[in-house]
Amino acid sequence: MACYGKIFATIFVVLNLKTFVEGAPQVPCYFIFGDSLLDNGNNNDLNTTAKANYPPYGVDFKDGRPTGRFTNGRNTADFLAEYLGFDHYIPPYASVKDSEILEGVNYASGSAGIRNDSGSHLGDRIYLGKQLENHQATISRIANLVGNTTSAKKHLNKCLFIVGIGSNDYINNYLMPEIYPSSHLYTPSQYATALIDQYSQHLRTLYEDGARKVALFGLGQIGCIPAELQKHDTRRCVSSTNNAIQLFNSKLKSLVDDLNTHFPDAKFTYINMYSISSIIDPLSVFNRPCCNVLETMPEGQCVPGETPCFLRGIYLFYDNFHPTEIANRIATNRAYNALLPSDAYPMDIHHLIRTNNVVYDE
């Protein structure tokens, strides 16, 4: 646990940031890949129970209506758009217009994982490989706008890319042995290695498609989410789950070194959400959700139409899986502008976007 002085300093900085930074964006474009922590509406029309397009989700977002974000207000992708200086949020792939794609697209999908089968018991989802296919379709649309694929990839060289995925490969795969075989086939270390090997291939594809500034968000303390506490009937974080998560995070951090070595014209960085989430804990009510949650499918999500807790600003979790807006805000601030050296490696997003641009070679 960090000292309260650091926590209050973080809150002070965060709450004094303007909603949108004035002036031109710090990058011309911003693309988002991931799961429900970043999804802003891509699951709304999918045949899945993993969707958040109903109240009380979105109660604090703009006019108080749900958008498909799995929280009461803004998510990490939204806050980062604000810090980057955009005057709008990046639209979801499901509804993005040609006039918008030059500034970025959000491909994230609730229940999606690195593995194609993760989250499949919940219904349809856009797993990471499919998100990359969607991005390639976007590149073709950009090429039509700017003249050709080479010009499109030169444009993408200047963009920020963030990827936050892997939670469902544990929550909705490895930690569900009654549905998925992965925990019977792999030790925790073997599973983390298998995930990182597959993730690495996807990131190399992203690089080949023009990405040169990429922030990879590690996994938070999944052993501390309300769903895990209830599952294990405890008020203390589940150490076996967190240990498995740390194996993944450690290998992801090593992958960042490997990618930076093999692709010197690009810069990848690791955002340590595990460490960041450990310092958010003392701020909030962290062992139970703000909203009343369903006990049947989709178990752990908010009960439709019910009023959530009143003091949402002191809760870490909105439902059994997803952070509240205030937790998203604090975490994103530290990803963008690191409070501690451990928050990001080798640099935070503020410094990542200031690395020299590299032009695409056909």
# chains A, B, ... in the order shown; residues from 1 in each chain; ligands from 1
call {"tool": "closest_atom_pairs", "arguments": {"of": "stretch 199-310 of chain A", "to": "stretch 67-84 of chain A", "cutoff": "10 Å", "atoms": "only C-alpha atoms", "output": "CSV"}}
result
residue,atom,partner,partner_atom,distance
A:Cys290,CA,A:Asn72,CA,9.4
A:Cys291,CA,A:Asn72,CA,9.4
A:Gln301,CA,A:Phe70,CA,8.8
A:Cys302,CA,A:Phe70,CA,9.4
A:Pro308,CA,A:Asn72,CA,8.9
call {"tool": "write_last_selection", "arguments": {"atoms": "all heavy atoms", "output": "compact mmCIF listing (two decimals), in the first residue's frame"}}
result
# COMPACT_ATOMS: atom_id res chain seq x y z
N CYS A 290 -20.52 -1.25 -6.91
CA CYS A 290 -21.44 -0.12 -6.69
C CYS A 290 -22.87 -0.48 -7.05
O CYS A 290 -23.81 -0.07 -6.39
CB CYS A 290 -20.96 1.07 -7.52
SG CYS A 290 -22.08 2.47 -7.57
N CYS A 291 -23.05 -1.25 -8.12
CA CYS A 291 -24.42 -1.61 -8.55
C CYS A 291 -24.78 -2.99 -8.02
O CYS A 291 -23.91 -3.80 -7.70
CB CYS A 291 -24.54 -1.57 -10.07
SG CYS A 291 -23.68 -2.91 -10.94
N GLN A 301 -22.70 -8.75 -13.80
CA GLN A 301 -22.97 -7.43 -14.39
C GLN A 301 -24.15 -6.79 -13.67
O GLN A 301 -24.89 -7.45 -12.93
CB GLN A 301 -23.25 -7.57 -15.88
CG GLN A 301 -22.02 -7.90 -16.69
CD GLN A 301 -22.25 -7.82 -18.20
OE1 GLN A 301 -21.63 -8.56 -18.96
NE2 GLN A 301 -23.10 -6.92 -18.64
N CYS A 302 -24.33 -5.49 -13.88
CA CYS A 302 -25.37 -4.76 -13.17
C CYS A 302 -26.77 -5.27 -13.52
O CYS A 302 -27.05 -5.61 -14.68
CB CYS A 302 -25.30 -3.28 -13.52
SG CYS A 302 -23.81 -2.43 -12.95
N PRO A 308 -27.85 2.51 -8.99
CA PRO A 308 -26.56 2.13 -8.38
C PRO A 308 -26.33 2.88 -7.08
O PRO A 308 -27.15 3.69 -6.65
CB PRO A 308 -25.55 2.55 -9.45
CG PRO A 308 -26.20 3.74 -10.09
CD PRO A 308 -27.68 3.44 -10.11
call {"tool": "closest_atom_pairs", "arguments": {"of": "stretch 198-306 of chain A", "to": "stretch 110-127 of chain A", "cutoff": "12 Å", "atoms": "only C-alpha atoms", "output": "tab-separated table"}}
result
residue	atom	partner	partner_atom	distance
A:Gln198	CA	A:Ile114	CA	7.1
A:Tyr199	CA	A:Ile114	CA	6.3
A:Ser200	CA	A:Ile114	CA	10.0
A:Gln201	CA	A:Ile114	CA	10.5
A:His202	CA	A:Ile114	CA	8.7
A:Leu203	CA	A:Ile114	CA	10.9
A:Thr296	CA	A:Leu122	CA	11.6
A:Met297	CA	A:Leu122	CA	8.0
A:Pro298	CA	A:Leu122	CA	7.4
A:Glu299	CA	A:Leu122	CA	10.0
A:Gln301	CA	A:Gly110	CA	11.8
call {"tool": "residues_around", "arguments": {"residues": "A:Tyr107", "least_positions_apart": "4", "cutoff": "9 Å", "atoms": "only C-alpha atoms", "output": "PyMOL selection string"}}
result
chain A and resi 31-35+38-40+42+91-94+126+128+131-132+134-135
call {"tool": "residues_around", "arguments": {"residues": "stretch 259-265 of chain A", "least_positions_apart": "6", "cutoff": "12 Å", "atoms": "only C-alpha atoms", "output": "PyMOL selection string"}}
result
chain A and resi 157-158+199-208+210-216+252-253+345-346+355-361
call {"tool": "select_by_dssp", "arguments": {"residues": "stretch 109-339 of chain A", "states": "strand (DSSP E)", "output": "list in words"}}
result
Leu160, Phe161, Ile162, Val163, Gly164, Lys213, Val214, Ala215, Leu216, Phe217, Lys267, Phe268, Thr269, Tyr270 and Ile271 of chain A
call {"tool": "atom_distance", "arguments": {"atom1": "atom CA of A:Ile142", "atom2": "atom CA of A:Gly41"}}
result
21.6 Å
call {"tool": "residues_around", "arguments": {"residues": "A:Lys97", "least_positions_apart": "5", "cutoff": "12 Å", "atoms": "only C-alpha atoms", "output": "list of chain:residue names"}}
result
A:Ile90, A:Pro91, A:Pro92, A:Leu102, A:Glu103, A:Gly104, A:Val105, A:Thr138, A:Arg141, A:Ile142, A:Leu145
call {"tool": "closest_residue", "arguments": {"among": "A:Thr193, A:Gln230, A:Thr150, A:Ser239", "to": "A:Ser254", "atoms": "only C-alpha atoms"}}
result
A:Thr193
call {"tool": "atom_distance", "arguments": {"atom1": "atom CA of A:Phe310", "atom2": "atom CA of A:Asn53"}}
result
20.4 Å
call {"tool": "atom_distance", "arguments": {"atom1": "atom CA of A:Gly129", "atom2": "atom CA of A:Ala192"}}
result
17.7 Å
call {"tool": "residues_around", "arguments": {"residues": "A:Phe321", "least_positions_apart": "2", "cutoff": "12 Å", "atoms": "only C-alpha atoms", "output": "PyMOL selection string"}}
result
chain A and resi 35-37+50+70-71+110-111+167-168+171-172+220-230+286-291+293+298-302+316-319+323-324
call {"tool": "select_by_dssp", "arguments": {"residues": "stretch 167-324 of chain A", "states": "alpha helix (DSSP H)", "output": "ChimeraX atom specification"}}
result
/A:167-169,182-185,188-208,226-231,239-262,273-280
call {"tool": "residues_around", "arguments": {"residues": "A:Arg65", "least_positions_apart": "6", "cutoff": "9 Å", "atoms": "only C-alpha atoms", "output": "number ranges by chain"}}
result
A: 53-59
call {"tool": "write_last_selection", "arguments": {"atoms": "C-alpha atoms", "output": "short mmCIF file (atom, residue, chain, number, x, y, z; two decimals), in the first residue's frame"}}
result
data_model
loop_
_atom_site.label_atom_id
_atom_site.label_comp_id
_atom_site.auth_asym_id
_atom_site.auth_seq_id
_atom_site.Cartn_x
_atom_site.Cartn_y
_atom_site.Cartn_z
CA ASN A 53 -26.05 -0.83 -23.35
CA TYR A 54 -28.62 -0.61 -20.57
CA PRO A 55 -29.02 1.37 -17.33
CA PRO A 56 -27.42 1.76 -14.84
CA TYR A 57 -24.34 1.65 -17.10
CA GLY A 58 -23.62 5.16 -18.37
CA VAL A 59 -25.45 6.93 -15.56
#
